[in-house]
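**Student:** Input data00.txt, format and content: compact mmCIF, N, CA and C atoms.
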# COMPACT_ATOMS: atom_id res chain seq x y z
N MET A 18 76.15 -29.34 -52.84
CA MET A 18 75.43 -29.65 -54.06
C MET A 18 75.54 -28.44 -54.98
N SER A 19 75.83 -28.69 -56.23
CA SER A 19 75.97 -27.59 -57.17
C SER A 19 74.59 -27.09 -57.59
N SER A 20 74.56 -25.93 -58.21
CA SER A 20 73.28 -25.33 -58.58
C SER A 20 72.57 -26.14 -59.67
N SER A 21 73.33 -26.78 -60.58
CA SER A 21 72.68 -27.58 -61.62
C SER A 21 72.06 -28.84 -61.03
N ALA A 22 72.71 -29.43 -60.04
CA ALA A 22 72.15 -30.62 -59.38
C ALA A 22 70.89 -30.24 -58.62
N GLY A 23 70.89 -29.08 -57.99
CA GLY A 23 69.72 -28.60 -57.26
C GLY A 23 68.56 -28.34 -58.20
N MET A 24 68.87 -27.81 -59.38
CA MET A 24 67.81 -27.56 -60.37
C MET A 24 67.22 -28.87 -60.87
N ILE A 25 68.06 -29.88 -61.05
CA ILE A 25 67.58 -31.18 -61.52
C ILE A 25 66.69 -31.81 -60.45
N VAL A 26 67.14 -31.77 -59.21
CA VAL A 26 66.33 -32.33 -58.11
C VAL A 26 65.00 -31.58 -58.01
N GLY A 27 65.03 -30.27 -58.15
CA GLY A 27 63.80 -29.47 -58.10
C GLY A 27 62.87 -29.82 -59.24
N ALA A 28 63.39 -30.00 -60.44
CA ALA A 28 62.58 -30.34 -61.60
C ALA A 28 61.94 -31.72 -61.42
N VAL A 29 62.72 -32.68 -60.92
CA VAL A 29 62.19 -34.03 -60.69
C VAL A 29 61.10 -33.99 -59.63
N LEU A 30 61.33 -33.24 -58.56
CA LEU A 30 60.34 -33.11 -57.50
C LEU A 30 59.06 -32.46 -58.04
N ALA A 31 59.19 -31.43 -58.85
CA ALA A 31 58.02 -30.78 -59.43
C ALA A 31 57.25 -31.74 -60.34
N LEU A 32 57.97 -32.54 -61.13
CA LEU A 32 57.33 -33.52 -62.00
C LEU A 32 56.59 -34.57 -61.19
N VAL A 33 57.21 -35.07 -60.13
CA VAL A 33 56.57 -36.08 -59.28
C VAL A 33 55.31 -35.50 -58.64
N LEU A 34 55.39 -34.29 -58.13
CA LEU A 34 54.21 -33.65 -57.52
C LEU A 34 53.10 -33.43 -58.54
N PHE A 35 53.47 -33.02 -59.75
CA PHE A 35 52.48 -32.82 -60.81
C PHE A 35 51.78 -34.13 -61.15
N LEU A 36 52.56 -35.19 -61.32
CA LEU A 36 51.97 -36.49 -61.65
C LEU A 36 51.10 -37.01 -60.51
N PHE A 37 51.54 -36.84 -59.27
CA PHE A 37 50.77 -37.29 -58.12
C PHE A 37 49.44 -36.55 -58.05
N THR A 38 49.45 -35.27 -58.34
CA THR A 38 48.24 -34.46 -58.23
C THR A 38 47.24 -34.76 -59.34
N PHE A 39 47.71 -34.92 -60.55
CA PHE A 39 46.80 -35.00 -61.70
C PHE A 39 46.66 -36.39 -62.30
N TRP A 40 47.28 -37.41 -61.73
CA TRP A 40 47.17 -38.77 -62.27
C TRP A 40 45.76 -39.29 -62.03
N PRO A 41 45.09 -39.81 -63.06
CA PRO A 41 43.70 -40.28 -62.87
C PRO A 41 43.66 -41.56 -62.05
N GLU A 42 42.52 -41.79 -61.40
CA GLU A 42 42.32 -43.02 -60.64
C GLU A 42 42.36 -44.22 -61.58
N LYS A 43 43.01 -45.26 -61.18
CA LYS A 43 43.05 -46.46 -62.01
C LYS A 43 41.75 -47.25 -61.88
N ASN A 44 41.12 -47.17 -60.73
CA ASN A 44 39.90 -47.92 -60.49
C ASN A 44 38.72 -46.97 -60.66
N ALA A 45 37.98 -47.14 -61.73
CA ALA A 45 36.85 -46.25 -62.02
C ALA A 45 35.75 -46.39 -60.98
N ALA A 46 35.67 -47.55 -60.32
CA ALA A 46 34.63 -47.75 -59.30
C ALA A 46 34.85 -46.84 -58.10
N VAL A 47 36.09 -46.41 -57.89
CA VAL A 47 36.39 -45.53 -56.75
C VAL A 47 35.80 -44.15 -57.00
N GLN A 48 35.75 -43.73 -58.24
CA GLN A 48 35.20 -42.43 -58.57
C GLN A 48 33.68 -42.51 -58.51
N ARG A 49 33.10 -41.67 -57.66
CA ARG A 49 31.65 -41.70 -57.48
C ARG A 49 30.96 -41.05 -58.66
N GLN A 50 29.93 -41.71 -59.16
CA GLN A 50 29.14 -41.16 -60.25
C GLN A 50 28.14 -40.17 -59.69
N LYS A 51 27.93 -39.08 -60.42
CA LYS A 51 26.95 -38.10 -60.00
C LYS A 51 25.55 -38.64 -60.21
N THR A 52 24.72 -38.38 -59.24
CA THR A 52 23.32 -38.75 -59.36
C THR A 52 22.55 -37.55 -59.90
N ARG A 53 21.31 -37.78 -60.23
CA ARG A 53 20.45 -36.69 -60.69
C ARG A 53 20.28 -35.65 -59.57
N LEU A 54 20.22 -36.11 -58.33
CA LEU A 54 20.09 -35.21 -57.19
C LEU A 54 21.34 -34.34 -57.04
N ASP A 55 22.52 -34.90 -57.27
CA ASP A 55 23.76 -34.12 -57.24
C ASP A 55 23.73 -33.03 -58.31
N PHE A 56 23.31 -33.41 -59.51
CA PHE A 56 23.22 -32.45 -60.61
C PHE A 56 22.25 -31.33 -60.26
N LEU A 57 21.09 -31.69 -59.69
CA LEU A 57 20.09 -30.69 -59.34
C LEU A 57 20.59 -29.76 -58.23
N GLU A 58 21.34 -30.30 -57.29
CA GLU A 58 21.90 -29.46 -56.23
C GLU A 58 22.85 -28.41 -56.81
N GLU A 59 23.69 -28.83 -57.76
CA GLU A 59 24.59 -27.89 -58.42
C GLU A 59 23.80 -26.84 -59.21
N LEU A 60 22.75 -27.28 -59.89
CA LEU A 60 21.92 -26.37 -60.67
C LEU A 60 21.22 -25.37 -59.75
N LYS A 61 20.74 -25.84 -58.61
CA LYS A 61 20.10 -24.95 -57.63
C LYS A 61 21.08 -23.88 -57.14
N GLU A 62 22.28 -24.31 -56.78
CA GLU A 62 23.28 -23.35 -56.30
C GLU A 62 23.63 -22.32 -57.38
N GLN A 63 23.73 -22.78 -58.62
CA GLN A 63 24.04 -21.86 -59.72
C GLN A 63 22.90 -20.88 -59.95
N THR A 64 21.67 -21.37 -59.86
CA THR A 64 20.50 -20.51 -60.05
C THR A 64 20.43 -19.46 -58.95
N TYR A 65 20.69 -19.88 -57.70
CA TYR A 65 20.71 -18.91 -56.60
C TYR A 65 21.81 -17.87 -56.80
N ALA A 66 22.97 -18.31 -57.27
CA ALA A 66 24.06 -17.37 -57.53
C ALA A 66 23.67 -16.38 -58.62
N ASN A 67 22.98 -16.88 -59.65
CA ASN A 67 22.51 -15.99 -60.72
C ASN A 67 21.50 -14.97 -60.20
N LEU A 68 20.62 -15.40 -59.30
CA LEU A 68 19.67 -14.47 -58.69
C LEU A 68 20.38 -13.40 -57.86
N ARG A 69 21.38 -13.81 -57.09
CA ARG A 69 22.15 -12.83 -56.30
C ARG A 69 22.86 -11.84 -57.22
N ASP A 70 23.46 -12.35 -58.29
CA ASP A 70 24.14 -11.46 -59.25
C ASP A 70 23.16 -10.50 -59.90
N LEU A 71 22.00 -11.02 -60.27
CA LEU A 71 20.98 -10.18 -60.90
C LEU A 71 20.54 -9.07 -59.95
N ASN A 72 20.28 -9.42 -58.71
CA ASN A 72 19.88 -8.41 -57.73
C ASN A 72 20.97 -7.36 -57.53
N PHE A 73 22.21 -7.81 -57.45
CA PHE A 73 23.32 -6.87 -57.27
C PHE A 73 23.43 -5.92 -58.46
N GLU A 74 23.35 -6.47 -59.67
CA GLU A 74 23.48 -5.63 -60.86
C GLU A 74 22.29 -4.68 -61.01
N TYR A 75 21.10 -5.12 -60.60
CA TYR A 75 19.94 -4.24 -60.64
C TYR A 75 20.13 -3.08 -59.66
N GLN A 76 20.57 -3.39 -58.45
CA GLN A 76 20.79 -2.35 -57.45
C GLN A 76 21.91 -1.41 -57.85
N ALA A 77 22.84 -1.89 -58.67
CA ALA A 77 23.94 -1.04 -59.15
C ALA A 77 23.50 -0.20 -60.35
N GLY A 78 22.26 -0.39 -60.81
CA GLY A 78 21.74 0.41 -61.91
C GLY A 78 22.06 -0.12 -63.28
N LYS A 79 22.46 -1.37 -63.39
CA LYS A 79 22.83 -1.94 -64.69
C LYS A 79 21.64 -2.53 -65.45
N TYR A 80 20.51 -2.75 -64.77
CA TYR A 80 19.32 -3.31 -65.40
C TYR A 80 18.15 -2.34 -65.25
N PRO A 81 17.39 -2.13 -66.32
CA PRO A 81 16.14 -1.39 -66.16
C PRO A 81 15.12 -2.29 -65.45
N GLN A 82 14.13 -1.67 -64.84
CA GLN A 82 13.12 -2.38 -64.04
C GLN A 82 12.45 -3.50 -64.82
N GLU A 83 12.10 -3.26 -66.09
CA GLU A 83 11.39 -4.26 -66.89
C GLU A 83 12.26 -5.50 -67.13
N ASP A 84 13.51 -5.28 -67.53
CA ASP A 84 14.41 -6.40 -67.79
C ASP A 84 14.68 -7.19 -66.50
N TYR A 85 14.85 -6.47 -65.42
CA TYR A 85 15.09 -7.11 -64.12
C TYR A 85 13.91 -8.01 -63.75
N ALA A 86 12.70 -7.50 -63.91
CA ALA A 86 11.52 -8.27 -63.55
C ALA A 86 11.40 -9.55 -64.39
N VAL A 87 11.68 -9.43 -65.67
CA VAL A 87 11.60 -10.60 -66.56
C VAL A 87 12.66 -11.63 -66.19
N GLN A 88 13.90 -11.19 -66.03
CA GLN A 88 15.00 -12.11 -65.68
C GLN A 88 14.76 -12.76 -64.33
N ARG A 89 14.29 -11.96 -63.37
CA ARG A 89 14.04 -12.51 -62.03
C ARG A 89 12.94 -13.58 -62.10
N ALA A 90 11.88 -13.32 -62.86
CA ALA A 90 10.80 -14.31 -62.98
C ALA A 90 11.31 -15.61 -63.61
N ILE A 91 12.15 -15.49 -64.62
CA ILE A 91 12.72 -16.68 -65.27
C ILE A 91 13.55 -17.48 -64.28
N LEU A 92 14.42 -16.80 -63.54
CA LEU A 92 15.29 -17.49 -62.59
C LEU A 92 14.49 -18.09 -61.43
N GLU A 93 13.48 -17.38 -60.96
CA GLU A 93 12.65 -17.93 -59.88
C GLU A 93 11.87 -19.15 -60.34
N LYS A 94 11.38 -19.14 -61.58
CA LYS A 94 10.68 -20.30 -62.12
C LYS A 94 11.63 -21.49 -62.24
N GLU A 95 12.85 -21.23 -62.72
CA GLU A 95 13.84 -22.29 -62.82
C GLU A 95 14.17 -22.87 -61.45
N ALA A 96 14.35 -22.01 -60.46
CA ALA A 96 14.65 -22.48 -59.11
C ALA A 96 13.50 -23.32 -58.55
N ALA A 97 12.28 -22.89 -58.78
CA ALA A 97 11.11 -23.63 -58.29
C ALA A 97 11.03 -25.01 -58.95
N THR A 98 11.31 -25.08 -60.23
CA THR A 98 11.29 -26.35 -60.95
C THR A 98 12.34 -27.29 -60.39
N VAL A 99 13.54 -26.77 -60.17
CA VAL A 99 14.63 -27.59 -59.64
C VAL A 99 14.28 -28.08 -58.24
N LEU A 100 13.78 -27.19 -57.39
CA LEU A 100 13.42 -27.58 -56.02
C LEU A 100 12.31 -28.62 -56.01
N ALA A 101 11.34 -28.48 -56.89
CA ALA A 101 10.25 -29.47 -56.96
C ALA A 101 10.78 -30.84 -57.36
N GLU A 102 11.67 -30.87 -58.34
CA GLU A 102 12.24 -32.16 -58.77
C GLU A 102 13.11 -32.76 -57.67
N MET A 103 13.83 -31.92 -56.95
CA MET A 103 14.64 -32.42 -55.83
C MET A 103 13.74 -33.02 -54.76
N ASP A 104 12.61 -32.38 -54.49
CA ASP A 104 11.67 -32.92 -53.51
C ASP A 104 11.14 -34.27 -53.94
N VAL A 105 10.80 -34.41 -55.22
CA VAL A 105 10.28 -35.68 -55.73
C VAL A 105 11.34 -36.77 -55.60
N LEU A 106 12.57 -36.46 -55.98
CA LEU A 106 13.64 -37.46 -55.94
C LEU A 106 14.02 -37.86 -54.51
N SER A 107 13.90 -36.93 -53.58
CA SER A 107 14.29 -37.24 -52.21
C SER A 107 13.11 -37.80 -51.40
N GLY A 108 11.93 -37.87 -52.01
CA GLY A 108 10.78 -38.45 -51.35
C GLY A 108 10.02 -37.51 -50.45
N ARG A 109 10.34 -36.23 -50.49
CA ARG A 109 9.61 -35.24 -49.70
C ARG A 109 8.43 -34.73 -50.50
N PRO A 110 7.37 -34.36 -49.80
CA PRO A 110 6.25 -33.76 -50.53
C PRO A 110 6.65 -32.36 -51.02
N PRO A 111 6.26 -31.98 -52.24
CA PRO A 111 6.62 -30.65 -52.76
C PRO A 111 6.07 -29.56 -51.87
N ALA A 112 6.86 -28.50 -51.73
CA ALA A 112 6.46 -27.37 -50.87
C ALA A 112 5.43 -26.51 -51.55
As a first step, turn the structure in this file into structure tokens.

**Tutor:**
Amino acid sequence: MSSSAGMIVGAVLALVLFLFTFWPEKNAAVQRQKTRLDFLEELKEQTYANLRDLNFEYQAGKYPQEDYAVQRAILEKEAATVLAEMDVLSGRPPA
């Protein structure tokens, strides 16, 4: 096989793989819709990640004590609100 034929085969294979990977589902019913609980779970994980980042940056000396305390209180309140709503939606009594 010549090098130009190999390049053509490679390009076609790359195109087929690209289309296979990124082609949208034809049946929209197959794609699961996010529920409010799914959204809240993502929000909870993001809030926890923000708290971890805040703690790390505070320990690295990037935040003064006052700013850290304010930001931490905001994030903790947000996390508590999200957890309470998740409890209500899942039928558990709030903690």

**Student:** May I have the residues within 8 Å of stretch 53-62 of chain A as a PyMOL selection string, using all atoms listed in the file and disregarding those fewer than 5 positions away in the same chain?

**Tutor:** chain A and resi 67-68+95-96+99-100+102-103+106-107

**Student:** Deliver the residues from the most recent selection as a file, using N, CA and C atoms, as a JSON list (two decimals), in the coordinates of the input.

**Tutor:**
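Generated output (result-v2.json):
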[["chain", "number", "residue", "atom", "x", "y", "z"],
["A", 67, "ASN", "N", 22.98, -16.88, -59.65],
["A", 67, "ASN", "CA", 22.51, -15.99, -60.72],
["A", 67, "ASN", "C", 21.50, -14.97, -60.20],
["A", 68, "LEU", "N", 20.62, -15.40, -59.30],
["A", 68, "LEU", "CA", 19.67, -14.47, -58.69],
["A", 68, "LEU", "C", 20.38, -13.40, -57.86],
["A", 95, "GLU", "N", 12.85, -21.23, -62.72],
["A", 95, "GLU", "CA", 13.84, -22.29, -62.82],
["A", 95, "GLU", "C", 14.17, -22.87, -61.45],
["A", 96, "ALA", "N", 14.35, -22.01, -60.46],
["A", 96, "ALA", "CA", 14.65, -22.48, -59.11],
["A", 96, "ALA", "C", 13.50, -23.32, -58.55],
["A", 99, "VAL", "N", 13.54, -26.77, -60.17],
["A", 99, "VAL", "CA", 14.63, -27.59, -59.64],
["A", 99, "VAL", "C", 14.28, -28.08, -58.24],
["A", 100, "LEU", "N", 13.78, -27.19, -57.39],
["A", 100, "LEU", "CA", 13.42, -27.58, -56.02],
["A", 100, "LEU", "C", 12.31, -28.62, -56.01],
["A", 102, "GLU", "N", 11.67, -30.87, -58.34],
["A", 102, "GLU", "CA", 12.24, -32.16, -58.77],
["A", 102, "GLU", "C", 13.11, -32.76, -57.67],
["A", 103, "MET", "N", 13.83, -31.92, -56.95],
["A", 103, "MET", "CA", 14.64, -32.42, -55.83],
["A", 103, "MET", "C", 13.74, -33.02, -54.76],
["A", 106, "LEU", "N", 12.57, -36.46, -55.98],
["A", 106, "LEU", "CA", 13.64, -37.46, -55.94],
["A", 106, "LEU", "C", 14.02, -37.86, -54.51],
["A", 107, "SER", "N", 13.90, -36.93, -53.58],
["A", 107, "SER", "CA", 14.29, -37.24, -52.21],
["A", 107, "SER", "C", 13.11, -37.80, -51.40]]

**Student:** So how far away is atom CA of A:Leu71 from atom C of A:Arg89, in Å?

**Tutor:**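 Rounded to one decimal, the two atoms are 8.8 Å apart.
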
**Student:** Just give me the gap between atom N of A:Ala86 and atom CA of A:Val105 in Å, one decimal is fine.

**Tutor:**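 Atom CA of A:Val105 lies 29.4 Å from atom N of A:Ala86.
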
**Student:** Report the distance between atom C of A:Lys94 and atom N of A:Gln50 in Å, rounded to one decimal place.

**Tutor:**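 We find that atom C of A:Lys94 and atom N of A:Gln50 lie 27.4 Å from each other.
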
**Student:** Show me, as lines of an AutoDock Vina configuration file, the centre and edge lengths in Å to one decimal of the axis-aligned box that covers every listed atom of stretch 60-77 of chain A with 6 Å on each side.

**Tutor:**
center_x = 21.9
center_y = -13.7
center_z = -58.7
size_x = 16.5
size_y = 39.1
size_z = 16.7

**Student:** What are the DSSP helix (DSSP H, G or I) residues of stretch 24-105 of chain A, as JSON, numbers by chain?

**Tutor:** {"A": [24, 25, 26, 27, 28, 29, 30, 31, 32, 33, 34, 35, 36, 37, 38, 39, 53, 54, 55, 56, 57, 58, 59, 60, 61, 62, 63, 64, 65, 66, 67, 68, 69, 70, 71, 72, 73, 74, 75, 76, 82, 83, 84, 85, 86, 87, 88, 89, 90, 91, 92, 93, 94, 95, 96, 97, 98, 99, 100, 101, 102, 103, 104, 105]}
